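Comments concern the structure below.
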Amino acid sequence: KKRKLSKVRKAHATTQDGTVIELLANIELPSDVNDVHGSGAVGVGLFRSEFLFLGRDTLPSEEEQYLAYREVAESLKGAPVTIRTMDLGADKNPKWLGRSSADNPALGLTGIRLCLAEPLMFREQLRALLRASAHGKIRILFPMINSLSELKQALAQLDYARQELREVGFPFAEEIEVGAMIEIPSAALVVGSFLKYVDFVSIGTNDLIQYTLAIDRNDDSVSHLYDPIHPAVLKLIGHTIKTATRGNVPVSVCGEMAGDARLTRLLLGMGLRRFSMHPASVLAVKQVVRETHLDTIAPIVSRMLRSEDPDKIADLLQQLNAQPD
Ligand code: PEP
Ligand code: MG
């Protein structure tokens, strides 16, 4: 019984047993926010801010960044927008950065590592984000966090940026929520130690799969081995969701897995209640949410999480998705 997706647009993302699920959208440029309105999402769960920094000859100024973040925040009219600080390096290496590309960029100076190596540039972005937070519900998300000490260094830079703004008298929201991306296996394994310091965590499955399985996410010659339901990947995601949930810290998935309707029930069964995905995927995922009873899927998902046999996991996934409402 296929319901029209357009009818699902305005409906709430609520499971058959009445659990409310938060479906958010991923965007890359401020103008993408137009695709969020009418997508069925209740906000932006991942704004990949590095796209503001790519394809240009100079670093955008604090003012330019501030206006871009403010535009998105205002356009969402109080709905949340999670803005990830620039995740450059790896495959995204703009000329103005003046850094030569590394032999193994995915293991090089990327994400938060690059930001901590360029603190002036980092704090410019943090000040722009803080200033924009006076105009909407902005959350800040740090990419590629690898350890608690790295997280603490990023938070110290944020405190420093707050201090700088106070000195010049610029307003910003005092209660801005701050989160860490969990996209390196080390971070997933020690996520419990982060919970005291963050308001939320967000699982980046694209990189988490790449780093867990040692599969370059951009290399076609190994793409057949890139497996979101590899038992090791499921263990890391499961551990992260369980640990954060027990610690009362909201957890989302913002990688491609969140927008794959074939994996929606699996993630729901793992305890996920917040998903962020390409705006075009929201309706299909919402439809699965609305057709799912959490009690019915729980036993199948726990069998999937206990198994280390990929064939068995694949069979169980089919069973899971064939369950009636
Ligand atoms: C991820 O790694 O899953 C993620 C959401 O970030 P990106 O795809 O931008 O690396
Ligand atoms: Mg990533």
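In the structure tokens, each chain is lettered A, B, ... as it comes, each chain's residues begin at 1, and ligands are numbered from 1 in order of appearance.
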
What do you get as JSON, numbers by chain if you pick all residues at most 8 Å from ligand 1, counting only C-alpha atoms and all ligand atoms?
{"A": [46, 48, 87, 143, 183, 203, 204, 205, 206, 207, 208, 253, 254, 255, 256]}

Expected file contents, prior selection, C-alpha atoms, as a PDB file, in the first residue's frame:
```
ATOM      1  CA  LEU A  46      24.294  19.452   8.682  1.00  0.00           C
ATOM      2  CA  ARG A  48      28.777  21.645   5.290  1.00  0.00           C
ATOM      3  CA  ASP A  87      35.976  20.342   6.932  1.00  0.00           C
ATOM      4  CA  PRO A 143      34.296  17.547  12.159  1.00  0.00           C
ATOM      5  CA  GLU A 183      33.295   9.716  12.021  1.00  0.00           C
ATOM      6  CA  ILE A 203      27.651  10.244  13.370  1.00  0.00           C
ATOM      7  CA  GLY A 204      29.273  10.804   9.978  1.00  0.00           C
ATOM      8  CA  THR A 205      28.819   7.387   8.471  1.00  0.00           C
ATOM      9  CA  ASN A 206      30.494   8.290   5.175  1.00  0.00           C
ATOM     10  CA  ASP A 207      33.857   8.679   6.839  1.00  0.00           C
ATOM     11  CA  LEU A 208      33.176   6.192   9.626  1.00  0.00           C
ATOM     12  CA  VAL A 253      23.353  10.284  11.878  1.00  0.00           C
ATOM     13  CA  CYS A 254      24.207  12.823   9.162  1.00  0.00           C
ATOM     14  CA  GLY A 255      26.023  10.558   6.667  1.00  0.00           C
ATOM     15  CA  GLU A 256      24.394   8.956   3.617  1.00  0.00           C
TER      16      GLU A 256
END
```

Residues of region 129-310 of chain A in strand (DSSP E), written as a PyMOL selection string:
chain A and resi 137-142+177-182+200-203+251-253+274-277

Expected file contents, prior selection, N, CA and C atoms, as a PDB file, in the first residue's frame:
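Result file is selection34.pdb:
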```pdb
ATOM      1  N   LYS A 137      18.530  29.780  15.489  1.00  0.00           N
ATOM      2  CA  LYS A 137      18.968  28.673  16.345  1.00  0.00           C
ATOM      3  C   LYS A 137      20.124  27.915  15.706  1.00  0.00           C
ATOM      4  N   ILE A 138      21.318  28.456  15.913  1.00  0.00           N
ATOM      5  CA  ILE A 138      22.515  27.845  15.327  1.00  0.00           C
ATOM      6  C   ILE A 138      23.149  26.890  16.323  1.00  0.00           C
ATOM      7  N   ARG A 139      23.534  25.723  15.813  1.00  0.00           N
ATOM      8  CA  ARG A 139      24.355  24.784  16.585  1.00  0.00           C
ATOM      9  C   ARG A 139      25.695  24.665  15.870  1.00  0.00           C
ATOM     10  N   ILE A 140      26.755  24.445  16.630  1.00  0.00           N
ATOM     11  CA  ILE A 140      28.093  24.317  16.033  1.00  0.00           C
ATOM     12  C   ILE A 140      28.560  22.869  16.138  1.00  0.00           C
ATOM     13  N   LEU A 141      29.101  22.354  15.029  1.00  0.00           N
ATOM     14  CA  LEU A 141      29.529  20.954  14.987  1.00  0.00           C
ATOM     15  C   LEU A 141      30.981  20.874  14.515  1.00  0.00           C
ATOM     16  N   PHE A 142      31.824  20.172  15.273  1.00  0.00           N
ATOM     17  CA  PHE A 142      33.237  20.019  14.915  1.00  0.00           C
ATOM     18  C   PHE A 142      33.459  18.709  14.152  1.00  0.00           C
ATOM     19  N   GLU A 177      24.356  25.440  21.242  1.00  0.00           N
ATOM     20  CA  GLU A 177      24.696  24.026  21.426  1.00  0.00           C
ATOM     21  C   GLU A 177      25.912  23.668  20.562  1.00  0.00           C
ATOM     22  N   VAL A 178      26.782  22.857  21.130  1.00  0.00           N
ATOM     23  CA  VAL A 178      28.013  22.475  20.440  1.00  0.00           C
ATOM     24  C   VAL A 178      28.118  20.952  20.411  1.00  0.00           C
ATOM     25  N   GLY A 179      28.522  20.410  19.252  1.00  0.00           N
ATOM     26  CA  GLY A 179      28.603  18.957  19.114  1.00  0.00           C
ATOM     27  C   GLY A 179      29.874  18.499  18.424  1.00  0.00           C
ATOM     28  N   ALA A 180      30.100  17.202  18.501  1.00  0.00           N
ATOM     29  CA  ALA A 180      31.255  16.584  17.850  1.00  0.00           C
ATOM     30  C   ALA A 180      30.771  15.577  16.834  1.00  0.00           C
ATOM     31  N   MET A 181      31.435  15.555  15.692  1.00  0.00           N
ATOM     32  CA  MET A 181      31.139  14.487  14.733  1.00  0.00           C
ATOM     33  C   MET A 181      31.854  13.229  15.164  1.00  0.00           C
ATOM     34  N   ILE A 182      31.154  12.116  15.028  1.00  0.00           N
ATOM     35  CA  ILE A 182      31.741  10.806  15.299  1.00  0.00           C
ATOM     36  C   ILE A 182      31.889  10.143  13.940  1.00  0.00           C
ATOM     37  N   PHE A 200      25.512  17.568  21.875  1.00  0.00           N
ATOM     38  CA  PHE A 200      25.006  16.530  20.966  1.00  0.00           C
ATOM     39  C   PHE A 200      26.192  15.908  20.240  1.00  0.00           C
ATOM     40  N   VAL A 201      25.962  14.741  19.645  1.00  0.00           N
ATOM     41  CA  VAL A 201      26.970  14.172  18.740  1.00  0.00           C
ATOM     42  C   VAL A 201      26.270  13.786  17.440  1.00  0.00           C
ATOM     43  N   SER A 202      27.034  13.752  16.360  1.00  0.00           N
ATOM     44  CA  SER A 202      26.474  13.429  15.056  1.00  0.00           C
ATOM     45  C   SER A 202      27.402  12.436  14.355  1.00  0.00           C
ATOM     46  N   ILE A 203      26.838  11.312  13.954  1.00  0.00           N
ATOM     47  CA  ILE A 203      27.651  10.244  13.370  1.00  0.00           C
ATOM     48  C   ILE A 203      27.781  10.476  11.865  1.00  0.00           C
ATOM     49  N   VAL A 251      21.785  12.242  19.737  1.00  0.00           N
ATOM     50  CA  VAL A 251      22.711  11.707  18.739  1.00  0.00           C
ATOM     51  C   VAL A 251      21.973  11.627  17.404  1.00  0.00           C
ATOM     52  N   SER A 252      22.655  12.053  16.351  1.00  0.00           N
ATOM     53  CA  SER A 252      22.064  11.946  15.015  1.00  0.00           C
ATOM     54  C   SER A 252      23.011  11.174  14.117  1.00  0.00           C
ATOM     55  N   VAL A 253      22.495  10.749  12.974  1.00  0.00           N
ATOM     56  CA  VAL A 253      23.353  10.284  11.878  1.00  0.00           C
ATOM     57  C   VAL A 253      23.192  11.302  10.765  1.00  0.00           C
ATOM     58  N   ARG A 274      17.151  10.882  15.581  1.00  0.00           N
ATOM     59  CA  ARG A 274      17.426  12.115  14.826  1.00  0.00           C
ATOM     60  C   ARG A 274      18.252  11.746  13.598  1.00  0.00           C
ATOM     61  N   PHE A 275      17.720  12.091  12.425  1.00  0.00           N
ATOM     62  CA  PHE A 275      18.364  11.749  11.153  1.00  0.00           C
ATOM     63  C   PHE A 275      18.602  13.038  10.369  1.00  0.00           C
ATOM     64  N   SER A 276      19.719  13.150   9.677  1.00  0.00           N
ATOM     65  CA  SER A 276      19.907  14.297   8.786  1.00  0.00           C
ATOM     66  C   SER A 276      20.390  13.812   7.429  1.00  0.00           C
ATOM     67  N   MET A 277      19.754  14.302   6.380  1.00  0.00           N
ATOM     68  CA  MET A 277      19.955  13.706   5.041  1.00  0.00           C
ATOM     69  C   MET A 277      19.729  14.733   3.946  1.00  0.00           C
TER      70      MET A 277
END
```

Which of region 125-308 of chain A end up as alpha helix (DSSP H) when DSSP is run on this backbone - answer as a VMD selection string?
chain A and resid 125 to 132 148 to 168 185 to 189 191 to 194 205 to 213 231 to 246 264 to 269 282 to 290 294 to 306

Write out as a PyMOL selection string each polymer residue whose atoms come within 10 Å of Glu62 (chain A), counting only C-alpha atoms; drop sequence neighbours fewer than 2 positions from it.
chain A and resi 59-60+64-68+121+123-129+131

Save out the residues we just selected, C-alpha atoms, as a PDB file, in the first residue's frame.
```pdb
ATOM      1  CA  LEU A  59      39.429  33.068   2.257  1.00  0.00           C
ATOM      2  CA  PRO A  60      35.971  34.583   2.901  1.00  0.00           C
ATOM      3  CA  GLU A  64      31.061  37.493   4.661  1.00  0.00           C
ATOM      4  CA  GLN A  65      30.782  34.274   6.651  1.00  0.00           C
ATOM      5  CA  TYR A  66      28.611  35.928   9.286  1.00  0.00           C
ATOM      6  CA  LEU A  67      26.164  37.128   6.616  1.00  0.00           C
ATOM      7  CA  ALA A  68      26.000  33.666   5.031  1.00  0.00           C
ATOM      8  CA  MET A 121      41.335  31.203  10.499  1.00  0.00           C
ATOM      9  CA  ARG A 123      38.422  31.661  15.235  1.00  0.00           C
ATOM     10  CA  GLU A 124      37.317  33.887  12.378  1.00  0.00           C
ATOM     11  CA  GLN A 125      34.763  31.238  11.495  1.00  0.00           C
ATOM     12  CA  LEU A 126      33.801  30.684  15.135  1.00  0.00           C
ATOM     13  CA  ARG A 127      33.222  34.416  15.649  1.00  0.00           C
ATOM     14  CA  ALA A 128      31.102  34.532  12.482  1.00  0.00           C
ATOM     15  CA  LEU A 129      29.053  31.576  13.754  1.00  0.00           C
ATOM     16  CA  ARG A 131      27.543  36.425  15.784  1.00  0.00           C
TER      17      ARG A 131
END
```

Show which residues sit within 6 Å of region 18-27 of chain A, as an mmCIF file with C-alpha atoms, in the first residue's frame. Count only C-alpha atoms, and ignore same-chain residues fewer than 4 positions away.
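Written file, selection_3.cif:
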```cif
data_model
loop_
_atom_site.group_PDB
_atom_site.id
_atom_site.type_symbol
_atom_site.label_atom_id
_atom_site.label_comp_id
_atom_site.auth_asym_id
_atom_site.auth_seq_id
_atom_site.Cartn_x
_atom_site.Cartn_y
_atom_site.Cartn_z
ATOM 1 C CA ALA A 13 7.594 11.650 11.425
ATOM 2 C CA THR A 14 6.000 9.477 14.091
ATOM 3 C CA ASP A 32 20.311 25.158 -0.622
ATOM 4 C CA ALA A 41 12.455 18.279 7.244
ATOM 5 C CA VAL A 42 12.146 20.212 10.517
ATOM 6 C CA GLY A 43 15.498 21.984 10.238
ATOM 7 C CA VAL A 44 19.065 21.604 9.006
ATOM 8 C CA GLY A 45 21.110 18.875 10.682
ATOM 9 C CA LEU A 46 24.294 19.452 8.682
ATOM 10 C CA PHE A 47 25.418 22.574 6.852
ATOM 11 C CA ARG A 273 15.768 9.327 16.850
ATOM 12 C CA ARG A 274 17.426 12.115 14.826
ATOM 13 C CA PHE A 275 18.364 11.749 11.153
ATOM 14 C CA SER A 276 19.907 14.297 8.786
ATOM 15 C CA MET A 277 19.955 13.706 5.041
ATOM 16 C CA HIS A 278 19.729 15.193 1.576
ATOM 17 C CA PRO A 279 16.433 17.117 1.391
#
```

How far is it from CA of Leu267 (chain A) to CA of Leu234 (chain A), in Å with one decimal?
9.5 Å

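Comparing A:Leu107, A:Val36, A:Leu88, A:Ala161 by their smallest distance to Ser75 (chain A), the closest is A:Val36 (using only C-alpha atoms).
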
So that I can check the surroundings of Leu283 (chain A), please list as a ChimeraX atom specification every protein, DNA and RNA residue that reaches within 7 Å of it, counting only C-alpha atoms and ignoring chain neighbours fewer than 6 positions away.
/A:5,8-9,40

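Interatomic distance, CA of Leu195 (chain A) against CA of Val72 (chain A): 27.7 Å.
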
Please list as a ChimeraX atom specification every residue within 9 Å of Gln323 (chain A), counting only C-alpha atoms and excluding residues in the same chain fewer than 6 positions away.
/A:292,296-297

Preceding selection exported with N, CA and C atoms as a PDB file, in the first residue's frame:
```
ATOM      1  N   THR A 292       6.500   2.029  10.713  1.00  0.00           N
ATOM      2  CA  THR A 292       7.307   1.154  11.560  1.00  0.00           C
ATOM      3  C   THR A 292       6.796   1.136  12.995  1.00  0.00           C
ATOM      4  N   THR A 296       8.080  -4.206  17.038  1.00  0.00           N
ATOM      5  CA  THR A 296       8.155  -5.297  16.058  1.00  0.00           C
ATOM      6  C   THR A 296       9.577  -5.462  15.520  1.00  0.00           C
ATOM      7  N   ILE A 297      10.264  -4.348  15.333  1.00  0.00           N
ATOM      8  CA  ILE A 297      11.587  -4.440  14.712  1.00  0.00           C
ATOM      9  C   ILE A 297      12.696  -4.741  15.712  1.00  0.00           C
TER      10      ILE A 297
END
```

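Of the residues under consideration (A:Ala261, A:Leu305, A:Ile237, A:Val190), A:Val190 shows the shortest atom-to-atom contact distance to Ser149 (chain A) when counting only C-alpha atoms.
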
In terms of only C-alpha atoms and all ligand atoms, the residue from A:Leu114, A:Val191, A:Ile184, A:Ile83 at minimal distance from ligand 2 is A:Ile184

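In this model, the gap between CA of Gly78 (chain A) and CA of Ser281 (chain A) comes to 22.5 Å.
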
With distances taken over only C-alpha atoms and all ligand atoms, which residue among A:Leu54, A:Val81, A:Cys115, A:Ile145 lies nearest ligand 2?
A:Ile145
